[in-house]
file query07.pdb (PDB, N, CA and C atoms, pLDDT in the B column)
ATOM      1  N   MET A   1      10.538   6.668 -14.107  1.00 80.00           N
ATOM      2  CA  MET A   1      10.519   6.291 -12.717  1.00 80.00           C
ATOM      3  C   MET A   1       9.486   5.183 -12.474  1.00 80.00           C
ATOM      4  N   PHE A   2       8.312   5.318 -13.123  1.00 82.00           N
ATOM      5  CA  PHE A   2       7.298   4.280 -12.959  1.00 82.00           C
ATOM      6  C   PHE A   2       7.774   2.945 -13.531  1.00 82.00           C
ATOM      7  N   LEU A   3       8.487   3.004 -14.638  1.00 89.00           N
ATOM      8  CA  LEU A   3       9.026   1.786 -15.239  1.00 89.00           C
ATOM      9  C   LEU A   3      10.046   1.140 -14.301  1.00 89.00           C
ATOM     10  N   ALA A   4      10.888   1.941 -13.679  1.00 86.00           N
ATOM     11  CA  ALA A   4      11.892   1.406 -12.747  1.00 86.00           C
ATOM     12  C   ALA A   4      11.223   0.755 -11.542  1.00 86.00           C
ATOM     13  N   VAL A   5      10.202   1.394 -10.994  1.00 79.00           N
ATOM     14  CA  VAL A   5       9.488   0.816  -9.855  1.00 79.00           C
ATOM     15  C   VAL A   5       8.802  -0.488 -10.267  1.00 79.00           C
ATOM     16  N   SER A   6       8.236  -0.509 -11.453  1.00 83.00           N
ATOM     17  CA  SER A   6       7.580  -1.714 -11.944  1.00 83.00           C
ATOM     18  C   SER A   6       8.564  -2.867 -12.085  1.00 83.00           C
ATOM     19  N   ILE A   7       9.728  -2.587 -12.620  1.00 88.00           N
ATOM     20  CA  ILE A   7      10.743  -3.630 -12.803  1.00 88.00           C
ATOM     21  C   ILE A   7      11.223  -4.158 -11.459  1.00 88.00           C
ATOM     22  N   VAL A   8      11.503  -3.266 -10.530  1.00 85.00           N
ATOM     23  CA  VAL A   8      11.980  -3.691  -9.209  1.00 85.00           C
ATOM     24  C   VAL A   8      10.912  -4.517  -8.494  1.00 85.00           C
ATOM     25  N   CYS A   9       9.661  -4.077  -8.558  1.00 79.00           N
ATOM     26  CA  CYS A   9       8.588  -4.828  -7.890  1.00 79.00           C
ATOM     27  C   CYS A   9       8.385  -6.196  -8.510  1.00 79.00           C
ATOM     28  N   ASP A  10       8.365  -6.268  -9.828  1.00 84.00           N
ATOM     29  CA  ASP A  10       8.130  -7.544 -10.497  1.00 84.00           C
ATOM     30  C   ASP A  10       9.285  -8.514 -10.340  1.00 84.00           C
ATOM     31  N   ASP A  11      10.509  -8.006 -10.385  1.00 90.00           N
ATOM     32  CA  ASP A  11      11.670  -8.890 -10.350  1.00 90.00           C
ATOM     33  C   ASP A  11      12.148  -9.252  -8.948  1.00 90.00           C
ATOM     34  N   TYR A  12      11.930  -8.369  -7.982  1.00 88.00           N
ATOM     35  CA  TYR A  12      12.491  -8.602  -6.660  1.00 88.00           C
ATOM     36  C   TYR A  12      11.455  -8.653  -5.540  1.00 88.00           C
ATOM     37  N   PHE A  13      10.534  -7.685  -5.515  1.00 80.00           N
ATOM     38  CA  PHE A  13       9.611  -7.563  -4.390  1.00 80.00           C
ATOM     39  C   PHE A  13       8.617  -8.721  -4.338  1.00 80.00           C
ATOM     40  N   LEU A  14       7.930  -8.983  -5.428  1.00 82.00           N
ATOM     41  CA  LEU A  14       6.918 -10.043  -5.429  1.00 82.00           C
ATOM     42  C   LEU A  14       7.505 -11.442  -5.226  1.00 82.00           C
ATOM     43  N   PRO A  15       8.616 -11.804  -5.901  1.00 87.00           N
ATOM     44  CA  PRO A  15       9.183 -13.131  -5.619  1.00 87.00           C
ATOM     45  C   PRO A  15       9.641 -13.297  -4.170  1.00 87.00           C
ATOM     46  N   SER A  16      10.197 -12.236  -3.581  1.00 85.00           N
ATOM     47  CA  SER A  16      10.620 -12.348  -2.188  1.00 85.00           C
ATOM     48  C   SER A  16       9.413 -12.498  -1.262  1.00 85.00           C
ATOM     49  N   LEU A  17       8.310 -11.818  -1.567  1.00 81.00           N
ATOM     50  CA  LEU A  17       7.096 -11.988  -0.770  1.00 81.00           C
ATOM     51  C   LEU A  17       6.555 -13.401  -0.869  1.00 81.00           C
ATOM     52  N   GLU A  18       6.616 -13.989  -2.050  1.00 85.00           N
ATOM     53  CA  GLU A  18       6.136 -15.356  -2.213  1.00 85.00           C
ATOM     54  C   GLU A  18       6.969 -16.340  -1.398  1.00 85.00           C
ATOM     55  N   ILE A  19       8.279 -16.153  -1.378  1.00 89.00           N
ATOM     56  CA  ILE A  19       9.155 -17.046  -0.612  1.00 89.00           C
ATOM     57  C   ILE A  19       8.898 -16.893   0.888  1.00 89.00           C
ATOM     58  N   ILE A  20       8.780 -15.651   1.358  1.00 86.00           N
ATOM     59  CA  ILE A  20       8.505 -15.411   2.776  1.00 86.00           C
ATOM     60  C   ILE A  20       7.160 -16.008   3.167  1.00 86.00           C
ATOM     61  N   SER A  21       6.155 -15.835   2.318  1.00 86.00           N
ATOM     62  CA  SER A  21       4.818 -16.358   2.615  1.00 86.00           C
ATOM     63  C   SER A  21       4.814 -17.875   2.684  1.00 86.00           C
ATOM     64  N   GLU A  22       5.537 -18.519   1.776  1.00 90.00           N
ATOM     65  CA  GLU A  22       5.601 -19.978   1.790  1.00 90.00           C
ATOM     66  C   GLU A  22       6.323 -20.488   3.037  1.00 90.00           C
ATOM     67  N   CYS A  23       7.399 -19.815   3.431  1.00 92.00           N
ATOM     68  CA  CYS A  23       8.149 -20.234   4.621  1.00 92.00           C
ATOM     69  C   CYS A  23       7.323 -20.070   5.895  1.00 92.00           C
ATOM     70  N   LEU A  24       6.511 -19.025   5.957  1.00 89.00           N
ATOM     71  CA  LEU A  24       5.684 -18.785   7.132  1.00 89.00           C
ATOM     72  C   LEU A  24       4.340 -19.495   7.077  1.00 89.00           C
ATOM     73  N   GLY A  25       4.008 -20.087   5.940  1.00 90.00           N
ATOM     74  CA  GLY A  25       2.753 -20.799   5.796  1.00 90.00           C
ATOM     75  C   GLY A  25       1.540 -19.884   5.745  1.00 90.00           C
ATOM     76  N   LEU A  26       1.693 -18.708   5.178  1.00 85.00           N
ATOM     77  CA  LEU A  26       0.597 -17.737   5.095  1.00 85.00           C
ATOM     78  C   LEU A  26      -0.188 -17.926   3.812  1.00 85.00           C
ATOM     79  N   SER A  27      -1.467 -17.648   3.890  1.00 84.00           N
ATOM     80  CA  SER A  27      -2.272 -17.677   2.671  1.00 84.00           C
ATOM     81  C   SER A  27      -1.963 -16.442   1.847  1.00 84.00           C
ATOM     82  N   GLN A  28      -2.392 -16.449   0.591  1.00 81.00           N
ATOM     83  CA  GLN A  28      -2.116 -15.301  -0.284  1.00 81.00           C
ATOM     84  C   GLN A  28      -2.825 -14.048   0.201  1.00 81.00           C
ATOM     85  N   ASP A  29      -4.001 -14.209   0.782  1.00 80.00           N
ATOM     86  CA  ASP A  29      -4.748 -13.047   1.278  1.00 80.00           C
ATOM     87  C   ASP A  29      -4.034 -12.378   2.446  1.00 80.00           C
ATOM     88  N   VAL A  30      -3.582 -13.186   3.389  1.00 82.00           N
ATOM     89  CA  VAL A  30      -2.891 -12.641   4.563  1.00 82.00           C
ATOM     90  C   VAL A  30      -1.568 -12.010   4.151  1.00 82.00           C
ATOM     91  N   ALA A  31      -0.837 -12.686   3.297  1.00 82.00           N
ATOM     92  CA  ALA A  31       0.439 -12.139   2.839  1.00 82.00           C
ATOM     93  C   ALA A  31       0.231 -10.841   2.071  1.00 82.00           C
ATOM     94  N   GLY A  32      -0.778 -10.815   1.242  1.00 77.00           N
ATOM     95  CA  GLY A  32      -1.048  -9.600   0.478  1.00 77.00           C
ATOM     96  C   GLY A  32      -1.426  -8.438   1.363  1.00 77.00           C
ATOM     97  N   ALA A  33      -2.241  -8.694   2.376  1.00 75.00           N
ATOM     98  CA  ALA A  33      -2.680  -7.612   3.257  1.00 75.00           C
ATOM     99  C   ALA A  33      -1.540  -7.078   4.105  1.00 75.00           C
ATOM    100  N   THR A  34      -0.707  -7.959   4.632  1.00 78.00           N
ATOM    101  CA  THR A  34       0.340  -7.495   5.543  1.00 78.00           C
ATOM    102  C   THR A  34       1.581  -7.007   4.810  1.00 78.00           C
ATOM    103  N   PHE A  35       2.127  -7.831   3.940  1.00 77.00           N
ATOM    104  CA  PHE A  35       3.383  -7.463   3.303  1.00 77.00           C
ATOM    105  C   PHE A  35       3.212  -6.352   2.268  1.00 77.00           C
ATOM    106  N   MET A  36       2.109  -6.346   1.560  1.00 72.00           N
ATOM    107  CA  MET A  36       1.886  -5.256   0.605  1.00 72.00           C
ATOM    108  C   MET A  36       1.640  -3.945   1.335  1.00 72.00           C
ATOM    109  N   ALA A  37       0.992  -4.012   2.491  1.00 72.00           N
ATOM    110  CA  ALA A  37       0.808  -2.795   3.282  1.00 72.00           C
ATOM    111  C   ALA A  37       2.150  -2.278   3.775  1.00 72.00           C
ATOM    112  N   ALA A  38       2.984  -3.175   4.252  1.00 74.00           N
ATOM    113  CA  ALA A  38       4.308  -2.759   4.710  1.00 74.00           C
ATOM    114  C   ALA A  38       5.147  -2.242   3.547  1.00 74.00           C
ATOM    115  N   GLY A  39       5.053  -2.908   2.415  1.00 72.00           N
ATOM    116  CA  GLY A  39       5.818  -2.471   1.247  1.00 72.00           C
ATOM    117  C   GLY A  39       5.342  -1.151   0.682  1.00 72.00           C
ATOM    118  N   SER A  40       4.062  -0.894   0.806  1.00 71.00           N
ATOM    119  CA  SER A  40       3.554   0.369   0.260  1.00 71.00           C
ATOM    120  C   SER A  40       3.914   1.558   1.137  1.00 71.00           C
ATOM    121  N   SER A  41       4.118   1.346   2.425  1.00 71.00           N
ATOM    122  CA  SER A  41       4.478   2.464   3.298  1.00 71.00           C
ATOM    123  C   SER A  41       5.977   2.553   3.543  1.00 71.00           C
ATOM    124  N   ALA A  42       6.753   1.582   3.074  1.00 73.00           N
ATOM    125  CA  ALA A  42       8.198   1.589   3.306  1.00 73.00           C
ATOM    126  C   ALA A  42       8.909   2.781   2.663  1.00 73.00           C
ATOM    127  N   PRO A  43       8.603   3.161   1.418  1.00 75.00           N
ATOM    128  CA  PRO A  43       9.301   4.325   0.856  1.00 75.00           C
ATOM    129  C   PRO A  43       9.058   5.610   1.654  1.00 75.00           C
ATOM    130  N   GLU A  44       7.846   5.802   2.104  1.00 74.00           N
ATOM    131  CA  GLU A  44       7.536   6.983   2.910  1.00 74.00           C
ATOM    132  C   GLU A  44       8.283   6.933   4.234  1.00 74.00           C
ATOM    133  N   LEU A  45       8.365   5.756   4.829  1.00 72.00           N
ATOM    134  CA  LEU A  45       9.052   5.601   6.102  1.00 72.00           C
ATOM    135  C   LEU A  45      10.544   5.884   5.949  1.00 72.00           C
ATOM    136  N   VAL A  46      11.153   5.373   4.901  1.00 77.00           N
ATOM    137  CA  VAL A  46      12.585   5.602   4.672  1.00 77.00           C
ATOM    138  C   VAL A  46      12.857   7.074   4.399  1.00 77.00           C
ATOM    139  N   THR A  47      12.024   7.703   3.594  1.00 75.00           N
ATOM    140  CA  THR A  47      12.207   9.121   3.294  1.00 75.00           C
ATOM    141  C   THR A  47      12.103   9.974   4.548  1.00 75.00           C
ATOM    142  N   ALA A  48      11.119   9.707   5.375  1.00 75.00           N
ATOM    143  CA  ALA A  48      10.963  10.464   6.612  1.00 75.00           C
ATOM    144  C   ALA A  48      12.096  10.165   7.584  1.00 75.00           C
ATOM    145  N   PHE A  49      12.544   8.921   7.636  1.00 76.00           N
ATOM    146  CA  PHE A  49      13.660   8.551   8.496  1.00 76.00           C
ATOM    147  C   PHE A  49      14.923   9.312   8.100  1.00 76.00           C
ATOM    148  N   LEU A  50      15.185   9.388   6.807  1.00 79.00           N
ATOM    149  CA  LEU A  50      16.343  10.157   6.325  1.00 79.00           C
ATOM    150  C   LEU A  50      16.173  11.641   6.632  1.00 79.00           C
ATOM    151  N   GLY A  51      14.948  12.132   6.533  1.00 77.00           N
ATOM    152  CA  GLY A  51      14.693  13.535   6.836  1.00 77.00           C
ATOM    153  C   GLY A  51      14.960  13.892   8.281  1.00 77.00           C
ATOM    154  N   VAL A  52      14.717  12.956   9.181  1.00 76.00           N
ATOM    155  CA  VAL A  52      14.930  13.228  10.609  1.00 76.00           C
ATOM    156  C   VAL A  52      16.387  13.029  11.004  1.00 76.00           C
ATOM    157  N   PHE A  53      16.947  11.883  10.652  1.00 80.00           N
ATOM    158  CA  PHE A  53      18.248  11.522  11.195  1.00 80.00           C
ATOM    159  C   PHE A  53      19.437  11.913  10.328  1.00 80.00           C
ATOM    160  N   VAL A  54      19.261  12.050   9.029  1.00 82.00           N
ATOM    161  CA  VAL A  54      20.384  12.373   8.159  1.00 82.00           C
ATOM    162  C   VAL A  54      20.445  13.871   7.880  1.00 82.00           C
ATOM    163  N   THR A  55      19.336  14.437   7.425  1.00 79.00           N
ATOM    164  CA  THR A  55      19.351  15.861   7.081  1.00 79.00           C
ATOM    165  C   THR A  55      18.919  16.757   8.231  1.00 79.00           C
ATOM    166  N   LYS A  56      18.552  16.146   9.364  1.00 74.00           N
ATOM    167  CA  LYS A  56      18.128  16.890  10.562  1.00 74.00           C
ATOM    168  C   LYS A  56      16.966  17.839  10.255  1.00 74.00           C
ATOM    169  N   GLY A  57      15.979  17.323   9.532  1.00 67.00           N
ATOM    170  CA  GLY A  57      14.805  18.118   9.173  1.00 67.00           C
ATOM    171  C   GLY A  57      13.877  18.321  10.363  1.00 67.00           C
ATOM    172  N   ASP A  58      12.799  19.028  10.128  1.00 69.00           N
ATOM    173  CA  ASP A  58      11.868  19.335  11.203  1.00 69.00           C
ATOM    174  C   ASP A  58      10.717  18.343  11.315  1.00 69.00           C
ATOM    175  N   ILE A  59      10.823  17.214  10.639  1.00 69.00           N
ATOM    176  CA  ILE A  59       9.794  16.173  10.741  1.00 69.00           C
ATOM    177  C   ILE A  59      10.041  15.413  12.041  1.00 69.00           C
ATOM    178  N   GLY A  60       9.011  15.252  12.834  1.00 68.00           N
ATOM    179  CA  GLY A  60       9.162  14.554  14.103  1.00 68.00           C
ATOM    180  C   GLY A  60       9.072  13.050  13.949  1.00 68.00           C
ATOM    181  N   ILE A  61       9.636  12.352  14.905  1.00 68.00           N
ATOM    182  CA  ILE A  61       9.601  10.884  14.876  1.00 68.00           C
ATOM    183  C   ILE A  61       8.170  10.387  15.000  1.00 68.00           C
ATOM    184  N   SER A  62       7.348  11.099  15.755  1.00 71.00           N
ATOM    185  CA  SER A  62       5.948  10.675  15.890  1.00 71.00           C
ATOM    186  C   SER A  62       5.213  10.766  14.555  1.00 71.00           C
ATOM    187  N   THR A  63       5.602  11.723  13.719  1.00 70.00           N
ATOM    188  CA  THR A  63       5.002  11.829  12.389  1.00 70.00           C
ATOM    189  C   THR A  63       5.347  10.614  11.549  1.00 70.00           C
ATOM    190  N   ILE A  64       6.574  10.187  11.625  1.00 69.00           N
ATOM    191  CA  ILE A  64       7.018   9.019  10.859  1.00 69.00           C
ATOM    192  C   ILE A  64       6.276   7.771  11.316  1.00 69.00           C
ATOM    193  N   LEU A  65       6.319   7.520  12.608  1.00 73.00           N
ATOM    194  CA  LEU A  65       5.698   6.301  13.120  1.00 73.00           C
ATOM    195  C   LEU A  65       4.186   6.328  12.959  1.00 73.00           C
ATOM    196  N   GLY A  66       3.569   7.468  13.196  1.00 76.00           N
ATOM    197  CA  GLY A  66       2.119   7.569  13.052  1.00 76.00           C
ATOM    198  C   GLY A  66       1.667   7.309  11.630  1.00 76.00           C
ATOM    199  N   SER A  67       2.376   7.877  10.683  1.00 73.00           N
ATOM    200  CA  SER A  67       2.013   7.685   9.288  1.00 73.00           C
ATOM    201  C   SER A  67       2.213   6.241   8.848  1.00 73.00           C
ATOM    202  N   ALA A  68       3.331   5.640   9.237  1.00 72.00           N
ATOM    203  CA  ALA A  68       3.607   4.257   8.835  1.00 72.00           C
ATOM    204  C   ALA A  68       2.614   3.295   9.477  1.00 72.00           C
ATOM    205  N   ILE A  69       2.322   3.502  10.744  1.00 78.00           N
ATOM    206  CA  ILE A  69       1.375   2.613  11.427  1.00 78.00           C
ATOM    207  C   ILE A  69      -0.023   2.766  10.845  1.00 78.00           C
ATOM    208  N   TYR A  70      -0.409   4.001  10.542  1.00 78.00           N
ATOM    209  CA  TYR A  70      -1.722   4.216   9.934  1.00 78.00           C
ATOM    210  C   TYR A  70      -1.806   3.528   8.579  1.00 78.00           C
ATOM    211  N   ASN A  71      -0.763   3.646   7.766  1.00 73.00           N
ATOM    212  CA  ASN A  71      -0.768   2.982   6.458  1.00 73.00           C
ATOM    213  C   ASN A  71      -0.882   1.474   6.618  1.00 73.00           C
ATOM    214  N   LEU A  72      -0.095   0.924   7.518  1.00 74.00           N
ATOM    215  CA  LEU A  72      -0.117  -0.527   7.719  1.00 74.00           C
ATOM    216  C   LEU A  72      -1.478  -1.002   8.199  1.00 74.00           C
ATOM    217  N   LEU A  73      -1.980  -0.385   9.252  1.00 80.00           N
ATOM    218  CA  LEU A  73      -3.253  -0.828   9.822  1.00 80.00           C
ATOM    219  C   LEU A  73      -4.434  -0.468   8.934  1.00 80.00           C
ATOM    220  N   GLY A  74      -4.367   0.660   8.258  1.00 80.00           N
ATOM    221  CA  GLY A  74      -5.466   1.073   7.387  1.00 80.00           C
ATOM    222  C   GLY A  74      -5.672   0.132   6.221  1.00 80.00           C
ATOM    223  N   ILE A  75      -4.586  -0.278   5.599  1.00 75.00           N
ATOM    224  CA  ILE A  75      -4.694  -1.197   4.458  1.00 75.00           C
ATOM    225  C   ILE A  75      -5.182  -2.570   4.926  1.00 75.00           C
ATOM    226  N   CYS A  76      -4.635  -3.061   6.031  1.00 75.00           N
ATOM    227  CA  CYS A  76      -5.078  -4.366   6.554  1.00 75.00           C
ATOM    228  C   CYS A  76      -6.548  -4.329   6.959  1.00 75.00           C
ATOM    229  N   ALA A  77      -6.964  -3.256   7.607  1.00 82.00           N
ATOM    230  CA  ALA A  77      -8.368  -3.141   8.037  1.00 82.00           C
ATOM    231  C   ALA A  77      -9.302  -3.056   6.834  1.00 82.00           C
ATOM    232  N   ALA A  78      -8.913  -2.309   5.825  1.00 82.00           N
ATOM    233  CA  ALA A  78      -9.756  -2.190   4.622  1.00 82.00           C
ATOM    234  C   ALA A  78      -9.881  -3.538   3.928  1.00 82.00           C
ATOM    235  N   CYS A  79      -8.777  -4.294   3.869  1.00 77.00           N
ATOM    236  CA  CYS A  79      -8.848  -5.623   3.258  1.00 77.00           C
ATOM    237  C   CYS A  79      -9.773  -6.542   4.053  1.00 77.00           C
ATOM    238  N   GLY A  80      -9.700  -6.459   5.366  1.00 80.00           N
ATOM    239  CA  GLY A  80     -10.560  -7.306   6.200  1.00 80.00           C
ATOM    240  C   GLY A  80     -12.025  -6.909   6.085  1.00 80.00           C
ATOM    241  N   LEU A  81     -12.300  -5.621   6.044  1.00 84.00           N
ATOM    242  CA  LEU A  81     -13.693  -5.171   5.944  1.00 84.00           C
ATOM    243  C   LEU A  81     -14.310  -5.473   4.589  1.00 84.00           C
ATOM    244  N   LEU A  82     -13.513  -5.420   3.543  1.00 83.00           N
ATOM    245  CA  LEU A  82     -14.049  -5.617   2.199  1.00 83.00           C
ATOM    246  C   LEU A  82     -14.000  -7.068   1.737  1.00 83.00           C
ATOM    247  N   SER A  83     -13.406  -7.937   2.537  1.00 78.00           N
ATOM    248  CA  SER A  83     -13.321  -9.336   2.167  1.00 78.00           C
ATOM    249  C   SER A  83     -14.657 -10.027   2.439  1.00 78.00           C
ATOM    250  N   ASN A  84     -15.023 -10.926   1.562  1.00 78.00           N
ATOM    251  CA  ASN A  84     -16.255 -11.670   1.759  1.00 78.00           C
ATOM    252  C   ASN A  84     -15.993 -13.117   2.189  1.00 78.00           C
ATOM    253  N   VAL A  85     -14.735 -13.452   2.435  1.00 73.00           N
ATOM    254  CA  VAL A  85     -14.348 -14.807   2.848  1.00 73.00           C
ATOM    255  C   VAL A  85     -13.760 -14.721   4.255  1.00 73.00           C
ATOM    256  N   VAL A  86     -14.170 -15.629   5.117  1.00 68.00           N
ATOM    257  CA  VAL A  86     -13.631 -15.655   6.485  1.00 68.00           C
ATOM    258  C   VAL A  86     -12.276 -16.320   6.471  1.00 68.00           C
TER     259      VAL A  86
END

call {"tool": "encode", "arguments": {"input": "query07.pdb", "output": "structure tokens"}}
result
Amino acid sequence: MFLAVSIVCDDYFLPSLEIISECLGLSQDVAGATFMAAGSSAPELVTAFLGVFVTKGDIGISTILGSAIYNLLGICAACGLLSNVV
């Protein structure tokens, strides 16, 4: 499973992030903080979304959104706090 995730990230995820970053004119730091944060919380968001709407599980929508937003903002905030370059 780790090998499959590595292959997908190296072959598809990172090149697509580079193209999006170039089109938007983002620096590597900004792109890394935002898109990597979104990419790291996307599997959890999809799993929880399927749990709520497909299998009708007991996970609430607020749990999904709260967790995804915390992951996104937490990673971006940590990158900003630990960065030594303005």

call {"tool": "resolve_selection", "arguments": {"input": "query07.pdb", "expression": "the PyMOL selection byres (((chain A and resi 31-45 and name CA) around 6) and name CA)", "output": "list of chain:residue names"}}
result
A:Gln28, A:Asp29, A:Val30, A:Val46, A:Thr47, A:Ala48, A:Phe49, A:Ala68, A:Leu72, A:Ile75, A:Cys76

call {"tool": "write_last_selection", "arguments": {"input": "query07.pdb", "atoms": "N, CA and C atoms", "output": "PDB file, keeping the file's coordinate frame"}}
result
ATOM      1  N   GLN A  28      -2.392 -16.449   0.591  1.00 81.00           N
ATOM      2  CA  GLN A  28      -2.116 -15.301  -0.284  1.00 81.00           C
ATOM      3  C   GLN A  28      -2.825 -14.048   0.201  1.00 81.00           C
ATOM      4  N   ASP A  29      -4.001 -14.209   0.782  1.00 80.00           N
ATOM      5  CA  ASP A  29      -4.748 -13.047   1.278  1.00 80.00           C
ATOM      6  C   ASP A  29      -4.034 -12.378   2.446  1.00 80.00           C
ATOM      7  N   VAL A  30      -3.582 -13.186   3.389  1.00 82.00           N
ATOM      8  CA  VAL A  30      -2.891 -12.641   4.563  1.00 82.00           C
ATOM      9  C   VAL A  30      -1.568 -12.010   4.151  1.00 82.00           C
ATOM     10  N   VAL A  46      11.153   5.373   4.901  1.00 77.00           N
ATOM     11  CA  VAL A  46      12.585   5.602   4.672  1.00 77.00           C
ATOM     12  C   VAL A  46      12.857   7.074   4.399  1.00 77.00           C
ATOM     13  N   THR A  47      12.024   7.703   3.594  1.00 75.00           N
ATOM     14  CA  THR A  47      12.207   9.121   3.294  1.00 75.00           C
ATOM     15  C   THR A  47      12.103   9.974   4.548  1.00 75.00           C
ATOM     16  N   ALA A  48      11.119   9.707   5.375  1.00 75.00           N
ATOM     17  CA  ALA A  48      10.963  10.464   6.612  1.00 75.00           C
ATOM     18  C   ALA A  48      12.096  10.165   7.584  1.00 75.00           C
ATOM     19  N   PHE A  49      12.544   8.921   7.636  1.00 76.00           N
ATOM     20  CA  PHE A  49      13.660   8.551   8.496  1.00 76.00           C
ATOM     21  C   PHE A  49      14.923   9.312   8.100  1.00 76.00           C
ATOM     22  N   ALA A  68       3.331   5.640   9.237  1.00 72.00           N
ATOM     23  CA  ALA A  68       3.607   4.257   8.835  1.00 72.00           C
ATOM     24  C   ALA A  68       2.614   3.295   9.477  1.00 72.00           C
ATOM     25  N   LEU A  72      -0.095   0.924   7.518  1.00 74.00           N
ATOM     26  CA  LEU A  72      -0.117  -0.527   7.719  1.00 74.00           C
ATOM     27  C   LEU A  72      -1.478  -1.002   8.199  1.00 74.00           C
ATOM     28  N   ILE A  75      -4.586  -0.278   5.599  1.00 75.00           N
ATOM     29  CA  ILE A  75      -4.694  -1.197   4.458  1.00 75.00           C
ATOM     30  C   ILE A  75      -5.182  -2.570   4.926  1.00 75.00           C
ATOM     31  N   CYS A  76      -4.635  -3.061   6.031  1.00 75.00           N
ATOM     32  CA  CYS A  76      -5.078  -4.366   6.554  1.00 75.00           C
ATOM     33  C   CYS A  76      -6.548  -4.329   6.959  1.00 75.00           C
TER      34      CYS A  76
END

call {"tool": "select_by_dssp", "arguments": {"input": "query07.pdb", "residues": "range 24-61 of chain A", "states": "alpha helix (DSSP H)", "output": "list in words"}}
result
Leu24, Gln28, Asp29, Val30, Ala31, Gly32, Ala33, Thr34, Phe35, Met36, Ala37, Ala38, Gly39, Ser40, Ser41, Ala42, Pro43, Glu44, Leu45, Val46, Thr47, Ala48, Phe49, Leu50, Gly51, Val52, Phe53 and Ile61 of chain A

call {"tool": "axis_aligned_box", "arguments": {"input": "query07.pdb", "around": "range 71-74 of chain A", "padding_each_side": "3 Å", "output": "JSON"}}
result
{"center_x": -2.9, "center_y": 1.3, "center_z": 8.0, "size_x": 11.6, "size_y": 10.6, "size_z": 9.6}

call {"tool": "atom_distance", "arguments": {"input": "query07.pdb", "atom1": "CA of Ser62 in chain A", "atom2": "CA of Ala78 in chain A"}}
result
23.2 Å

call {"tool": "atom_distance", "arguments": {"input": "query07.pdb", "atom1": "CA of Ser16 in chain A", "atom2": "CA of Phe53 in chain A"}}
result
28.4 Å

call {"tool": "atom_distance", "arguments": {"input": "query07.pdb", "atom1": "CA of Leu81 in chain A", "atom2": "CA of Asp10 in chain A"}}
result
27.4 Å

call {"tool": "build_atoms", "arguments": {"input": "query07.pdb", "residues": "range 7-11 of chain A", "atoms": "all heavy atoms", "output": "PDB file, in the frame of the given file"}}
result
ATOM      1  N   ILE A   7       9.728  -2.587 -12.620  1.00 88.00           N
ATOM      2  CA  ILE A   7      10.743  -3.630 -12.803  1.00 88.00           C
ATOM      3  C   ILE A   7      11.223  -4.158 -11.459  1.00 88.00           C
ATOM      4  O   ILE A   7      11.327  -5.370 -11.254  1.00 88.00           O
ATOM      5  CB  ILE A   7      11.911  -3.097 -13.644  1.00 88.00           C
ATOM      6  CG1 ILE A   7      11.451  -2.856 -15.083  1.00 88.00           C
ATOM      7  CG2 ILE A   7      13.097  -4.061 -13.612  1.00 88.00           C
ATOM      8  CD1 ILE A   7      12.452  -2.125 -15.939  1.00 88.00           C
ATOM      9  N   VAL A   8      11.503  -3.266 -10.530  1.00 85.00           N
ATOM     10  CA  VAL A   8      11.980  -3.691  -9.209  1.00 85.00           C
ATOM     11  C   VAL A   8      10.912  -4.517  -8.494  1.00 85.00           C
ATOM     12  O   VAL A   8      11.213  -5.562  -7.904  1.00 85.00           O
ATOM     13  CB  VAL A   8      12.392  -2.468  -8.359  1.00 85.00           C
ATOM     14  CG1 VAL A   8      12.606  -2.855  -6.906  1.00 85.00           C
ATOM     15  CG2 VAL A   8      13.642  -1.827  -8.928  1.00 85.00           C
ATOM     16  N   CYS A   9       9.661  -4.077  -8.558  1.00 79.00           N
ATOM     17  CA  CYS A   9       8.588  -4.828  -7.890  1.00 79.00           C
ATOM     18  C   CYS A   9       8.385  -6.196  -8.510  1.00 79.00           C
ATOM     19  O   CYS A   9       8.239  -7.187  -7.793  1.00 79.00           O
ATOM     20  CB  CYS A   9       7.287  -4.034  -7.934  1.00 79.00           C
ATOM     21  SG  CYS A   9       7.280  -2.627  -6.824  1.00 79.00           S
ATOM     22  N   ASP A  10       8.365  -6.268  -9.828  1.00 84.00           N
ATOM     23  CA  ASP A  10       8.130  -7.544 -10.497  1.00 84.00           C
ATOM     24  C   ASP A  10       9.285  -8.514 -10.340  1.00 84.00           C
ATOM     25  O   ASP A  10       9.076  -9.719 -10.188  1.00 84.00           O
ATOM     26  CB  ASP A  10       7.852  -7.324 -11.981  1.00 84.00           C
ATOM     27  CG  ASP A  10       6.473  -6.769 -12.242  1.00 84.00           C
ATOM     28  OD1 ASP A  10       5.617  -6.869 -11.327  1.00 84.00           O
ATOM     29  OD2 ASP A  10       6.237  -6.239 -13.343  1.00 84.00           O
ATOM     30  N   ASP A  11      10.509  -8.006 -10.385  1.00 90.00           N
ATOM     31  CA  ASP A  11      11.670  -8.890 -10.350  1.00 90.00           C
ATOM     32  C   ASP A  11      12.148  -9.252  -8.948  1.00 90.00           C
ATOM     33  O   ASP A  11      12.719 -10.320  -8.748  1.00 90.00           O
ATOM     34  CB  ASP A  11      12.839  -8.259 -11.120  1.00 90.00           C
ATOM     35  CG  ASP A  11      12.559  -8.176 -12.614  1.00 90.00           C
ATOM     36  OD1 ASP A  11      11.622  -8.852 -13.094  1.00 90.00           O
ATOM     37  OD2 ASP A  11      13.276  -7.429 -13.316  1.00 90.00           O
TER      38      ASP A  11
END
